[in-house]
Structures are given as structure tokens and as C-alpha cells.
file query.csv (CSV, C-alpha atoms)
chain,number,residue,atom,x,y,z
A,215,MET,CA,35.7,-9.0,-113.3
A,216,LYS,CA,35.9,-10.2,-109.8
A,217,LEU,CA,32.6,-11.1,-107.9
A,218,PRO,CA,32.5,-8.1,-105.5
A,219,ARG,CA,33.1,-5.8,-108.4
A,220,ILE,CA,30.3,-7.4,-110.4
A,221,GLU,CA,27.9,-7.1,-107.5
A,222,LEU,CA,28.9,-3.4,-107.1
A,223,GLU,CA,28.3,-2.7,-110.8
A,224,LEU,CA,24.9,-4.3,-110.7
A,225,GLY,CA,24.0,-2.3,-107.6
A,226,LEU,CA,25.0,0.9,-109.2
A,227,PHE,CA,23.0,0.1,-112.3
A,228,LEU,CA,19.9,-0.6,-110.2
A,229,ASP,CA,20.3,2.6,-108.2
A,230,MET,CA,20.9,4.7,-111.3
A,231,THR,CA,17.7,3.4,-113.0
A,232,ASP,CA,15.4,3.9,-110.1
A,233,ASP,CA,14.1,7.3,-111.2
A,234,ILE,CA,14.5,7.0,-115.0
A,235,ALA,CA,11.3,7.2,-117.0
A,236,GLN,CA,12.7,7.4,-120.5
A,237,SER,CA,13.5,4.3,-122.6
A,238,GLU,CA,16.5,5.8,-124.4
A,239,ARG,CA,18.2,6.9,-121.2
A,240,LEU,CA,17.6,3.4,-119.7
A,241,PHE,CA,19.2,1.8,-122.8
A,242,GLU,CA,22.2,4.1,-122.4
A,243,LEU,CA,22.7,2.9,-118.8
A,244,LEU,CA,22.2,-0.7,-119.8
A,245,CYS,CA,24.8,-0.3,-122.6
A,246,ALA,CA,27.3,1.2,-120.1
A,247,PHE,CA,26.7,-1.7,-117.7
A,248,ALA,CA,27.1,-4.4,-120.4
A,249,LEU,CA,30.2,-2.8,-121.7
A,250,LYS,CA,31.9,-3.6,-118.4
A,251,PHE,CA,31.6,-7.2,-119.4
A,252,ASP,CA,33.0,-6.6,-122.9
A,253,CYS,CA,29.5,-6.7,-124.5
A,254,PRO,CA,29.3,-3.5,-126.6
A,255,TRP,CA,26.3,-4.7,-128.7
A,256,ILE,CA,22.7,-5.0,-127.4
A,257,ALA,CA,19.4,-5.8,-129.0
A,258,TYR,CA,16.0,-5.5,-127.3
A,259,GLY,CA,12.6,-5.8,-128.8
A,260,PRO,CA,9.4,-7.7,-129.5
A,261,LEU,CA,8.5,-10.2,-132.2
A,262,ALA,CA,5.1,-11.3,-133.2
A,263,SER,CA,4.7,-15.0,-133.9
A,264,LYS,CA,4.5,-14.5,-137.7
A,265,GLN,CA,6.6,-11.4,-138.0
A,266,ARG,CA,9.3,-11.4,-140.6
A,267,VAL,CA,11.0,-8.2,-139.7
A,268,PHE,CA,12.4,-7.0,-136.4
A,269,LYS,CA,10.3,-3.9,-135.8
A,270,PRO,CA,7.7,-2.6,-133.3
A,271,ASN,CA,4.0,-3.2,-133.6
A,272,ARG,CA,1.0,-1.6,-131.9
A,273,GLN,CA,1.2,-3.8,-128.8
A,274,ASP,CA,5.0,-3.8,-128.4
A,275,SER,CA,6.4,-0.6,-129.6
A,276,VAL,CA,9.9,-0.4,-128.1
A,277,VAL,CA,12.8,-1.7,-130.2
A,278,MET,CA,16.3,-0.8,-129.4
A,279,TRP,CA,19.6,-2.1,-130.7
A,280,ASN,CA,23.0,-0.7,-131.2
A,281,TYR,CA,24.3,-3.4,-133.5
A,282,PRO,CA,26.5,-2.1,-136.4
A,283,ALA,CA,24.2,-0.2,-138.8
A,284,GLU,CA,25.2,-2.3,-141.8
A,285,TRP,CA,24.1,-5.5,-140.0
A,286,GLN,CA,20.9,-3.9,-138.8
A,287,GLU,CA,20.1,-2.9,-142.4
A,288,ARG,CA,20.9,-6.4,-143.8
A,289,TYR,CA,19.1,-8.2,-141.0
A,290,SER,CA,15.9,-6.2,-141.6
A,291,ARG,CA,16.1,-6.2,-145.4
A,292,MET,CA,16.6,-10.0,-145.5
A,293,GLY,CA,13.8,-10.7,-143.0
A,294,TYR,CA,16.2,-12.7,-140.8
A,295,ALA,CA,13.9,-12.4,-137.8
A,296,ARG,CA,11.9,-15.1,-139.5
A,297,ILE,CA,14.7,-17.6,-139.4
A,298,ASP,CA,16.9,-16.3,-136.5
A,299,PRO,CA,17.7,-19.3,-134.4
A,300,LEU,CA,18.2,-17.2,-131.3
A,301,ILE,CA,14.6,-16.0,-131.5
A,302,LYS,CA,13.4,-19.5,-132.1
A,303,LYS,CA,15.2,-20.9,-129.1
A,304,GLY,CA,14.1,-18.0,-127.0
A,305,ARG,CA,10.4,-18.8,-127.5
A,306,LYS,CA,11.1,-22.2,-125.9
A,307,GLU,CA,13.4,-21.2,-123.1
A,308,ALA,CA,12.8,-19.5,-119.7
A,309,GLY,CA,16.3,-18.5,-119.0
A,310,ALA,CA,19.3,-17.0,-120.7
A,311,PHE,CA,21.4,-19.1,-123.1
A,312,ARG,CA,24.7,-18.7,-125.0
A,313,TRP,CA,24.8,-18.3,-128.7
A,314,SER,CA,27.3,-21.2,-129.0
A,315,GLU,CA,24.7,-23.5,-127.5
A,316,VAL,CA,22.3,-22.6,-130.4
A,317,TYR,CA,25.0,-22.9,-133.0
A,318,THR,CA,26.0,-26.4,-132.0
A,319,ASP,CA,22.4,-27.6,-131.4
A,320,LYS,CA,21.5,-30.5,-133.7
A,321,SER,CA,18.1,-28.9,-134.4
A,322,ILE,CA,19.5,-25.7,-135.9
A,323,THR,CA,18.8,-25.3,-139.6
A,324,GLU,CA,21.3,-24.4,-142.3
A,325,ASP,CA,19.6,-21.0,-142.7
A,326,GLY,CA,19.7,-20.4,-139.0
A,327,ARG,CA,23.4,-21.2,-138.8
A,328,ARG,CA,24.0,-18.8,-141.8
A,329,VAL,CA,22.4,-15.9,-139.8
A,330,LEU,CA,24.9,-16.5,-136.9
A,331,ASP,CA,27.8,-16.8,-139.4
A,332,GLU,CA,26.9,-13.6,-141.1
A,333,ALA,CA,26.5,-11.8,-137.7
A,334,ALA,CA,30.0,-12.8,-136.9
A,335,THR,CA,31.3,-11.2,-140.0
A,336,PHE,CA,29.9,-7.9,-138.7
A,337,GLY,CA,31.6,-8.3,-135.4
A,338,LEU,CA,28.9,-10.1,-133.4
A,339,ARG,CA,31.0,-13.2,-132.7
A,340,SER,CA,29.5,-14.5,-129.5
A,341,GLY,CA,26.9,-13.6,-126.9
A,342,VAL,CA,23.9,-14.5,-124.8
A,343,THR,CA,20.2,-14.1,-125.3
A,344,VAL,CA,17.7,-13.5,-122.5
A,345,PRO,CA,14.0,-14.5,-123.3
A,346,LEU,CA,11.5,-12.1,-121.8
A,347,HIS,CA,8.1,-13.7,-121.8
A,348,GLY,CA,5.0,-11.7,-120.8
A,349,PRO,CA,1.2,-11.9,-120.5
A,350,ALA,CA,-1.1,-12.9,-123.4
A,351,ASP,CA,1.8,-14.8,-125.1
A,352,SER,CA,3.8,-11.6,-125.6
A,353,PHE,CA,7.5,-12.2,-126.2
A,354,ARG,CA,10.5,-9.9,-126.1
A,355,PHE,CA,14.1,-10.7,-125.9
A,356,MET,CA,17.4,-9.1,-125.2
A,357,SER,CA,20.8,-10.1,-126.6
A,358,PHE,CA,24.2,-9.1,-125.4
A,359,ALA,CA,27.0,-9.6,-128.0
A,360,GLN,CA,30.7,-9.6,-128.0
A,361,SER,CA,33.3,-9.1,-130.8
A,362,SER,CA,35.4,-12.0,-129.5
A,363,ASP,CA,34.8,-15.7,-129.3
A,364,CYS,CA,35.3,-15.7,-125.5
A,365,GLU,CA,32.4,-17.3,-123.6
A,366,LEU,CA,30.7,-15.4,-120.8
A,367,LEU,CA,31.0,-16.9,-117.3
A,368,ASN,CA,27.8,-18.3,-115.8
A,369,ARG,CA,27.8,-15.6,-113.0
A,370,THR,CA,28.2,-12.9,-115.6
A,371,ILE,CA,25.2,-14.2,-117.6
A,372,THR,CA,23.2,-14.2,-114.3
A,373,TYR,CA,23.9,-10.5,-113.8
A,374,LEU,CA,23.2,-9.6,-117.4
A,375,GLN,CA,19.9,-11.5,-117.2
A,376,MET,CA,19.0,-9.5,-114.0
A,377,ALA,CA,19.8,-6.2,-115.7
A,378,ALA,CA,17.8,-7.2,-118.8
A,379,LEU,CA,14.8,-8.1,-116.6
A,380,ARG,CA,15.1,-4.8,-114.8
A,381,PHE,CA,15.2,-2.9,-118.1
A,382,HIS,CA,12.3,-4.8,-119.5
A,383,LEU,CA,10.0,-4.3,-116.5
A,384,MET,CA,10.8,-0.5,-116.4
A,385,VAL,CA,10.3,0.0,-120.1
A,386,THR,CA,7.0,-1.9,-120.0
A,387,LYS,CA,5.6,0.4,-117.3
A,388,PHE,CA,5.9,3.5,-119.5
A,389,ASP,CA,5.7,2.0,-123.0
A,390,THR,CA,3.3,4.5,-124.5
A,391,THR,CA,5.6,5.6,-127.3
A,392,THR,CA,3.8,8.8,-128.3
A,393,ALA,CA,5.1,10.8,-131.2
A,394,SER,CA,6.6,13.4,-128.8
A,395,GLU,CA,8.5,10.7,-126.9
A,396,GLN,CA,9.9,9.2,-130.1
A,397,VAL,CA,11.4,12.6,-131.0
A,398,HIS,CA,14.1,11.9,-128.4
A,399,SER,CA,14.8,8.4,-129.8
A,400,LEU,CA,16.3,9.5,-133.1
A,401,SER,CA,19.9,8.6,-133.2
A,402,ALA,CA,22.6,11.0,-134.2
A,403,ARG,CA,23.0,9.2,-137.6
A,404,GLU,CA,19.2,9.3,-138.2
A,405,ILE,CA,19.2,13.1,-137.5
A,406,GLU,CA,22.1,13.5,-140.0
A,407,CYS,CA,20.2,11.6,-142.7
A,408,ILE,CA,16.9,13.4,-142.3
A,409,ASP,CA,18.7,16.8,-142.1
A,410,LEU,CA,20.3,16.1,-145.5
A,411,VAL,CA,16.9,15.0,-146.9
A,412,SER,CA,15.5,18.4,-145.9
A,413,GLN,CA,18.3,19.9,-148.0
A,414,GLY,CA,17.2,17.9,-151.0
A,415,LYS,CA,19.9,15.3,-151.0
A,416,SER,CA,19.2,11.8,-152.4
A,417,SER,CA,20.1,8.5,-150.6
A,418,TRP,CA,23.1,8.1,-152.9
A,419,GLU,CA,24.3,11.6,-152.2
A,420,ILE,CA,23.8,11.2,-148.5
A,421,GLY,CA,25.7,7.9,-148.6
A,422,VAL,CA,28.7,9.6,-150.3
A,423,MET,CA,28.7,12.4,-147.8
A,424,LEU,CA,28.5,10.2,-144.7
A,425,LYS,CA,30.7,7.4,-146.3
A,426,VAL,CA,28.1,4.7,-145.9
A,427,SER,CA,26.1,2.6,-148.4
A,428,GLN,CA,22.9,3.8,-149.9
A,429,TYR,CA,21.2,0.8,-148.3
A,430,THR,CA,22.3,2.0,-144.9
A,431,VAL,CA,21.0,5.5,-145.6
A,432,ASP,CA,17.6,4.1,-146.6
A,433,PHE,CA,17.6,1.9,-143.5
A,434,HIS,CA,18.1,5.0,-141.2
A,435,LEU,CA,15.5,7.0,-143.1
A,436,LYS,CA,12.9,4.2,-142.7
A,437,ASN,CA,13.6,4.3,-139.0
A,438,VAL,CA,13.0,8.1,-139.0
A,439,MET,CA,9.8,7.7,-140.9
A,440,ARG,CA,8.5,5.1,-138.4
A,441,LYS,CA,9.5,7.1,-135.4
A,442,LEU,CA,7.9,10.3,-136.7
A,443,ASP,CA,4.9,8.4,-138.0
A,444,SER,CA,5.4,9.7,-141.6
A,445,THR,CA,4.6,8.0,-144.9
A,446,SER,CA,7.5,9.5,-146.8
A,447,ARG,CA,10.9,10.9,-146.1
A,448,THR,CA,9.7,14.3,-147.3
A,449,LEU,CA,6.9,14.4,-144.7
A,450,ALA,CA,9.4,13.1,-142.1
A,451,ALA,CA,11.7,16.0,-142.9
A,452,VAL,CA,8.9,18.5,-142.6
A,453,LYS,CA,7.9,17.1,-139.2
A,454,ALA,CA,11.5,17.0,-138.0
A,455,LEU,CA,11.7,20.7,-138.9
A,456,LYS,CA,8.5,21.5,-137.1
A,457,LEU,CA,9.5,19.6,-134.0
A,458,GLY,CA,12.9,21.4,-133.9
A,459,ILE,CA,14.9,18.1,-134.5
A,460,ILE,CA,16.7,19.8,-137.4
A,461,GLU,CA,16.9,23.4,-138.4
A,462,ARG,CA,16.3,25.2,-141.7
A,463,GLN,CA,19.5,25.8,-143.7
call {"tool": "encode", "arguments": {"input": "query.csv", "output": "C-alpha cells"}}
result
Amino acid sequence: MKLPRIELELGLFLDMTDDIAQSERLFELLCAFALKFDCPWIAYGPLASKQRVFKPNRQDSVVMWNYPAEWQERYSRMGYARIDPLIKKGRKEAGAFRWSEVYTDKSITEDGRRVLDEAATFGLRSGVTVPLHGPADSFRFMSFAQSSDCELLNRTITYLQMAALRFHLMVTKFDTTTASEQVHSLSAREIECIDLVSQGKSSWEIGVMLKVSQYTVDFHLKNVMRKLDSTSRTLAAVKALKLGIIERQ
């Protein structure tokens, strides 16, 4: 993309996000912006210093990523956040960095390189990570990933970093994450899964119907339970019905 066009796209992104006060809508706009640079995959979220799973906590509640569901499920189930070399490097860096820099770094561990190798098998072959440090040692990060091995240009990385910072600052302002707000953060797949739970279907049956693995179904249902603040999938289904997210059959 030529320089004038890049500047125009960034300007449009900034203008469109001026009056947005909802995390999911901001993420949609960010995804559309990143896609113009052939980056269809984005991950944004916090990670506590000893946290083993990529998920929100009370201080940092917003987690958004559109990575392939199978990779999300495996990443969370295997606790890869604990050994992810991108996160480890992000804690030490102030600016954005390419994944290839991390992969070829002499300090990377065998486990760390394995995480990147596995990510590539799910289509996340290259990318850039933007560290987002905050007060009281808080830390969030945003990663933009590509399905090709092409390296992003320095200027492109600069603009992606600016967009990431814009998103981060705006989300931080209204990061209250009440239950009513989280209703709108359920993905289409999560709604499908919890709707089928309300019909008495098991994870295995749901997997067959949606043509995904049972592990993927369980992953989506765990997300629904978290977002609806429920201790079981049954309670989550009841709450989804009460809130009008799904309808009685």
C-alpha cells in the first residue's frame, strides 16, 4: 500500500473511532483497518506476571482475539501464555517488534519456538506484536498476524502500532465490563453453542452439528460462562435466555 493511501486509511480509522464507546465495535474497526495490510488475525489482552492462561482478570477485563478457534482452544488449554516468547519479549520492549526477530533470537527457548511453530500450522505464520505498558506495572499487548511469511514494512508497523495504541487508550477509558455490556461481546459461534446447550445437546453432539471438535465447543462454552458470569453451562444457558441472547425453542 502506497504511503498516501496508508495515511488516509489511518486517518479514516481515527475519525471512525472518535465517538465509539463499545469495545466490540472498536475491535471490528481495528480488524478492518489491519486487514488492509493483510493482517486478518488480531489478539489483544492483558497478562498478569504469573498468569498461565490468556484470559481477563479483575483489573484487566478486556480480552479480544479473532485467531482461529482451534488455535485459541489449544493455546488456552496448553497454558501457552506462560511460555509464549512474544509475551516474554513484550515485557522488555517499549516498541513493536516482528515475530521473526523473536524466532531467531538466541535467547528463545525450545518451548517458545514450539509455540510459534504450532501457531504457523494454524495459519499464523508471521506478524508483529505491540507492547502496551500501563500504570502500576500493568501490561497488555496487541499482535497482528499474517497467513504468509511476508515481513511487514517498517512504515506499516508504525501505523499498526499507532492504531493499537489508539484502541488501547479508548478501551481503557470505558473498561468497566459489566454483565450487561458483555452480552454484546458473545460471538456468533458462542451464541450457537449456548443455544444448543439450552436444547439439551452435549458438547459432542454440538461438535457434530457444527462440524468442529468437542474441545472447540468446550472452549466456546467456557468463554460464554465467563462472559455471563456463570459457574456452569446450564446456568449460562438460563441467563442467555433471560437476557434474550437466545430464544426458547
call {"tool": "closest_residue", "arguments": {"input": "query.csv", "among": "A:Val344, A:Val277, A:Ile459, A:Met292", "to": "A:Val385", "atoms": "all atoms listed in the file"}}
result
A:Val277
call {"tool": "closest_residue", "arguments": {"input": "query.csv", "among": "A:Ser340, A:Ser446, A:Thr323, A:Thr386", "to": "A:Ser237", "atoms": "all atoms listed in the file"}}
result
A:Thr386
call {"tool": "residues_around", "arguments": {"input": "query.csv", "residues": "A:Val342", "least_positions_apart": "3", "cutoff": "6 Å", "atoms": "only C-alpha atoms", "output": "PyMOL selection string"}}
result
chain A and resi 311-313+357-358
call {"tool": "closest_residue", "arguments": {"input": "query.csv", "among": "A:Lys306, A:Arg339, A:Arg440, A:His434", "to": "A:Ala402", "atoms": "all atoms listed in the file"}}
result
A:His434
call {"tool": "residues_around", "arguments": {"input": "query.csv", "residues": "A:Ile301", "least_positions_apart": "4", "cutoff": "8 Å", "atoms": "all atoms listed in the file", "output": "PyMOL selection string"}}
result
chain A and resi 295+305+355
call {"tool": "atom_distance", "arguments": {"input": "query.csv", "atom1": "atom CA of A:Ser362", "atom2": "atom CA of A:Ala310"}}
result
19.0 Å
call {"tool": "atom_distance", "arguments": {"input": "query.csv", "atom1": "atom CA of A:Met278", "atom2": "atom CA of A:Tyr258"}}
result
5.2 Å
call {"tool": "atom_distance", "arguments": {"input": "query.csv", "atom1": "atom CA of A:Leu379", "atom2": "atom CA of A:Gly348"}}
result
11.3 Å
call {"tool": "axis_aligned_box", "arguments": {"input": "query.csv", "around": "stretch 280-289 of chain A", "padding_each_side": "8 Å", "output": "JSON"}}
result
{"center_x": 22.8, "center_y": -4.2, "center_z": -137.5, "size_x": 23.4, "size_y": 24.0, "size_z": 28.6}
call {"tool": "residues_near_point", "arguments": {"input": "query.csv", "point": "(18.7, -25.7, -133.1)", "cutoff": "12 Å", "atoms": "only C-alpha atoms", "output": "list in words"}}
result
Ile297, Asp298, Pro299, Leu300, Ile301, Lys302, Lys303, Gly304, Lys306, Trp313, Ser314, Glu315, Val316, Tyr317, Thr318, Asp319, Lys320, Ser321, Ile322, Thr323, Glu324, Asp325, Gly326, Arg327 and Leu330 of chain A
call {"tool": "closest_residue", "arguments": {"input": "query.csv", "among": "A:Gly414, A:Gly337, A:Gly259, A:Pro345", "to": "A:Tyr281", "atoms": "all atoms listed in the file"}}
result
A:Gly337
call {"tool": "residues_around", "arguments": {"input": "query.csv", "residues": "A:Leu244", "least_positions_apart": "4", "cutoff": "8 Å", "atoms": "all atoms listed in the file", "output": "compact mmCIF listing (two decimals) with C-alpha atoms, keeping the file's coordinate frame"}}
result
# COMPACT_ATOMS: atom_id res chain seq x y z
CA PHE A 227 23.00 0.10 -112.30
CA LEU A 240 17.60 3.40 -119.70
CA ALA A 248 27.10 -4.40 -120.40
CA ALA A 377 19.80 -6.20 -115.70
CA ALA A 378 17.80 -7.20 -118.80
CA PHE A 381 15.20 -2.90 -118.10
